[in-house]
Structure formats: structure tokens, C-alpha cells
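*Asks:* Here it is, the structure in full.
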Number of protein chains: 2
Amino acid sequence: MTTRADDTLDAAFAALADPTRRAIVTRLARGDATVTELAAPFAMSLPGISKHLKVLEHGGLISRRRDAQFRPCHLEADALDGALDWITTNRRVWNERFDKLDALLDDLQPAKKRAGRARG
Amino acid sequence: MTTRADDTLDAAFAALADPTRRAIVTRLARGDATVTELAAPFAMSLPGISKHLKVLEHGGLISRRRDAQFRPCHLEADALDGALDWITTNRRVWNERFDKLDALLDDLQPAKKRAGRARG
DNA sequence: CAGCTAACTAACCAAAGAGTTAAATATATT
DNA sequence: AATATATTTAACTCTTTGGTTAGTTAGCTG
């Protein structure tokens with residue numbers, strides 16, 4: 001089954017899987033910016049940037065309003081949090097395995113706990 | 001410029017941008033598993049799963065060792081941390097903007113601080 | 001050795017992604 | 001009304017991705 005949350009995460013992670021788009025997000029974390037401003041640092045056509053912005057928007061990472069002929073882009077931190085939560089949760093499950101192993105070792109031989117434990 | 005770290009993040013985020021692969025990561029957070037074990041929950045051919053595993057491996061999210069005819073997969077939490085760090089850092093920059101605004105408002109009119117501040 | 005299981009590679013296909021140029025739209029300015 | 005600026009859409013190309021089936025390699029087991 002493919003859930004709604006799945007689709008959201010798909011789009012968010014996919015949006016982050018490109019260095020140009022990550023740079024745009026980093027720029028927007030400092031404040032809103034227009035398309036031309038965002039495009040400036042890159043050796044890429046404006047329609048190219050426009051496509052990247054569409055991907056970011058689809059991933060929920062940015063929103064755009066209209067201001068005269070400008071389309072200022074705005075970072076939506078909630079989407080960032082969604083991705084953050086997924087990773088954090090899985091990371092925690094991973095750690096809990098070792099916490100339980102530690103507890104087991106504590107029970108069995110307190111003096112040698114953590115001995116020989118391989119984590120990476 | 002495209003850095004080494006960029007490529008690493010590209011591959012890690014791209015690997016996470018698929019529900020099948022995220023499910024595999026979630027499964028592996030609970031412990032190592034063979035390819036057939038990982039494939040079991042999915043209506044997908046084994047070569048299909050094998051390709052997903054290759055994507056995860058390329059993204060640094062898993063490693064594989066050989067055990068007789070089995071190839072147990074192992075979650076590499078460091079790659080997860082890399083993605084986590086990128087998001088966390090950008091998230092923090094985003095928050096700092098508002099912290100600075102709060103400080104400014106504190107200076108100007110202590111009694112009304114945070115009034116009218118829009119965050120989402 | 002023969003046969004079984006686990007996993008991979010090869011070859012193919014359809015769909016999506018990332019980029020381009022050229023043309024269109026929306027708004028502001030003169 | 002004409003022109004300039006900001007941005008998008010359209011159409012096209014090339015590459016990558018996600019999936020398939022069929023065949024192959026590696027290792028165990030009888």
C-alpha cells in the first residue's frame with residue numbers, strides 16, 4: 001500500500017536529492033527571494049531554475065506568492081521537519097537495538113559491559 | 001562547484017525518495033537481513049529488490065557482507081546522520097532568523113514582543 | 001556430480017528527470 | 001500604446017530510474 005505520507009516523503013526527499021535545490025533551500029533559510037535572485041549563483045537557464053522550484057514546491061519545501069511581476073519564494077520548514085522526523089525515528093529504532101543489548105550485557109556480566117560491541 | 005559531500009547527500013536523499021527503499025531501511029533498523037527476507041513483504045521480483053539495495057548501497061545507507069550464499073544487508077547509520085545533519089543545520093538557520101527578529105523586537109518594544117510575528 | 005537455494009547480471013521497456021531554446025504571459029514604466 | 005522586466009510554458013533531447021523476464025554465478029547438500 002502506498003500512503004499519503006509516503007507520497008509526501010517521496011517528494012520531499014526527491015526534492016532534496018539535488019545540489020542546486022539544496023543550495024536554494026539553504027539560501028531561502030536566510031529569507032525569501034525572487035526567482036532571479038535564486039538563479040543568480042548558478043550557471044543555468046531561468047527555466048531550469050523554474051523547474052527546480054516547481055520540484056521544491058511539489059515537495060512542499062517552498063511556497064510562492066505573487067508580488068507584481070515577481071514570485072518570491074518562501075521556505076516551508078514543516079516539510080523539512082517531515083523528512084527530519086522520518087530519519088530521526090528510524091535512527092532511534094537503530095539505537096534502541098544497542099541500548100537493549102547494553103541492558104542485556106549489564107544483566108549478564110556487569111563488569112564487562114560493552115566489551116566487543118561493534119556499532120558501525 | 002560540486003563537492004564530494006554534495007554527491008554523498010545526493011545519493012543518500014535519492015535513496016530515501018522511494019517508499020520501498022524507506023521500508024527496507026526501517027526493516028534494517030531492527031537488524032540485518034538477507035535479500036530474500038527483505039523482499040518478502042513486497043510484490044516485486046527479486047532483481048527489483050536487488051536494484052533497490054544497490055541504490056541504498058550507493059547512497060551509503062547499507063553495506064553487504066557475504067555469508068555462504070546469503071548477502072546479509074546492514075544499515076549504515078552514518079549516512080542517515082549525514083542527511084539528518086544537513087536538514088538540521090538548515091532548519092537551525094531558519095529558526096535563527098526568527099530568534100534575531102525576537103531580539104530586535106525585545107530591544108524596540110519589550111512589552112509587545114512577538115506581536116504579529118508569522119512563522120509558518 | 002546433480003540438484004537446490006540465494007543472489008546477481010544482462011537486456012529490454014516505459015516513464016520521469018534535468019537541461020536546453022524559443023515563445024508566451026503578467027506586470028510595470030514611459 | 002510601446003517597451004522592458006520577471007517568470008512561465010511548450011517542445012524537444014538525453015539520461016536515469018524502476019520495473020520486468022531470462023539466464024548466470026556462487027555455494028550448499030544429497
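Labeling convention for the C-alpha cells: chains A, B, ... as they appear, residues from 1 per chain, ligands from 1 in order of appearance.
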Write down, as a ChimeraX atom specification, each residue of chain A that has any atom within 8 Å of an atom of chain D, counting only C-alpha atoms (C1' of nucleotides).
*Replies:* /A:35-36,47,50,69-71
*Asks:* For C-alpha atoms, I'd like the residues from the last selection saved as a compact mmCIF listing (two decimals), in the first residue's frame.
*Replies:*
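Here's the written file out_31.txt:
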# COMPACT_ATOMS: atom_id res chain seq x y z
CA VAL A 35 13.39 33.54 -8.90
CA THR A 36 16.06 35.74 -10.50
CA PRO A 47 13.55 27.91 -16.99
CA SER A 50 11.99 27.45 -12.56
CA GLN A 69 5.79 40.60 -11.66
CA PHE A 70 7.88 38.87 -9.01
CA ARG A 71 7.23 35.45 -7.49
*Asks:* Write out as number ranges by chain all residues of range 19-76 of chain A that DSSP puts in alpha helix (DSSP H) for this structure's backbone.
*Replies:* A: 19-29, 35-39, 46-58
*Asks:* With chain A as the partner and 12 Å as the cut-off, tabulate the residues of chain C that qualify, each row holding the nearest pair of atoms and their distance in Å to one decimal, using only C-alpha atoms (C1' of nucleotides), sorted by chain and rising number, as a Markdown table.
*Replies:*
| residue | atom | partner | partner_atom | distance |
| --- | --- | --- | --- | --- |
| C:DA16 | C1' | A:Ala14 | CA | 12.0 |
| C:DG17 | C1' | A:Lys51 | CA | 10.2 |
| C:DA18 | C1' | A:Gly48 | CA | 7.9 |
| C:DG19 | C1' | A:Gly48 | CA | 6.6 |
| C:DT20 | C1' | A:Ser45 | CA | 8.0 |
| C:DT21 | C1' | A:Ser45 | CA | 9.7 |
| C:DA22 | C1' | A:Pro47 | CA | 11.5 |
| C:DT25 | C1' | A:Gln69 | CA | 10.4 |
| C:DA26 | C1' | A:Gln69 | CA | 6.4 |
| C:DT27 | C1' | A:Gln69 | CA | 5.0 |
| C:DA28 | C1' | A:Gln69 | CA | 7.9 |
*Asks:* Specify as a PDB file with C-alpha atoms, in the first residue's frame all residues of chain A found within 9 Å of chain B, counting only C-alpha atoms.
*Replies:*
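Saved to iface-v1.pdb:
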ATOM      1  CA  THR A   2       1.174   3.485  -0.751  1.00  0.00           C
ATOM      2  CA  ASP A   6       4.633   8.107   1.623  1.00  0.00           C
ATOM      3  CA  ASP A   7       3.987  10.364  -1.321  1.00  0.00           C
ATOM      4  CA  LEU A   9       8.111  11.979   1.860  1.00  0.00           C
ATOM      5  CA  ASP A  10       8.895  10.739  -1.647  1.00  0.00           C
ATOM      6  CA  ALA A  11       8.523  14.243  -2.997  1.00  0.00           C
ATOM      7  CA  ALA A  12      10.383  15.902  -0.128  1.00  0.00           C
ATOM      8  CA  PHE A  13      13.382  13.555  -0.242  1.00  0.00           C
ATOM      9  CA  ALA A  14      13.468  13.636  -4.032  1.00  0.00           C
ATOM     10  CA  ALA A  15      13.486  17.429  -3.907  1.00  0.00           C
ATOM     11  CA  LEU A  16      16.474  17.356  -1.568  1.00  0.00           C
ATOM     12  CA  ALA A  17      18.395  14.912  -3.757  1.00  0.00           C
ATOM     13  CA  ASP A  18      19.871  17.625  -5.947  1.00  0.00           C
ATOM     14  CA  PRO A  19      22.670  20.057  -5.055  1.00  0.00           C
ATOM     15  CA  VAL A  25      16.772  25.741   0.274  1.00  0.00           C
ATOM     16  CA  THR A  26      19.873  26.937   2.136  1.00  0.00           C
ATOM     17  CA  LEU A  28      15.816  30.513   1.441  1.00  0.00           C
ATOM     18  CA  ALA A  29      16.510  29.578   5.053  1.00  0.00           C
ATOM     19  CA  ARG A  30      18.015  33.080   5.326  1.00  0.00           C
ATOM     20  CA  GLY A  31      14.907  34.701   3.894  1.00  0.00           C
ATOM     21  CA  LEU A  75      10.810  28.141   2.669  1.00  0.00           C
ATOM     22  CA  GLU A  76       8.213  25.891   4.282  1.00  0.00           C
ATOM     23  CA  ALA A  77      10.043  24.447   7.246  1.00  0.00           C
ATOM     24  CA  ASP A  78       7.299  21.943   8.008  1.00  0.00           C
ATOM     25  CA  LEU A  80      11.841  19.863   6.264  1.00  0.00           C
ATOM     26  CA  ASP A  81      10.527  18.640   9.618  1.00  0.00           C
ATOM     27  CA  ALA A  83      11.887  14.459   6.462  1.00  0.00           C
ATOM     28  CA  LEU A  84      13.694  15.117   9.723  1.00  0.00           C
ATOM     29  CA  ILE A  87      15.119   9.918   9.700  1.00  0.00           C
ATOM     30  CA  THR A  88      15.082  10.608  13.439  1.00  0.00           C
ATOM     31  CA  ASN A  90      14.471   5.275  12.174  1.00  0.00           C
ATOM     32  CA  ARG A  91      17.705   6.419  13.714  1.00  0.00           C
ATOM     33  CA  ARG A  92      16.180   5.934  17.147  1.00  0.00           C
ATOM     34  CA  VAL A  93      14.996   2.399  16.384  1.00  0.00           C
ATOM     35  CA  TRP A  94      18.541   1.646  15.303  1.00  0.00           C
ATOM     36  CA  ASN A  95      19.962   2.922  18.587  1.00  0.00           C
ATOM     37  CA  GLU A  96      17.403   1.143  20.708  1.00  0.00           C
ATOM     38  CA  ARG A  97      18.737  -2.178  19.466  1.00  0.00           C
ATOM     39  CA  GLY A 120      29.451   0.721  12.684  1.00  0.00           C
TER      40      GLY A 120
END
*Asks:* So which bits of chain B end up strand (DSSP E) when you DSSP the backbone, as a VMD selection string?
*Replies:* chain B and resid 62 to 64 73 to 75
*Asks:* One decimal, Å: what's the distance from CA of Ile62 in chain B over to CA of Ile24 in chain B, could you say?
*Replies:* 9.9 Å
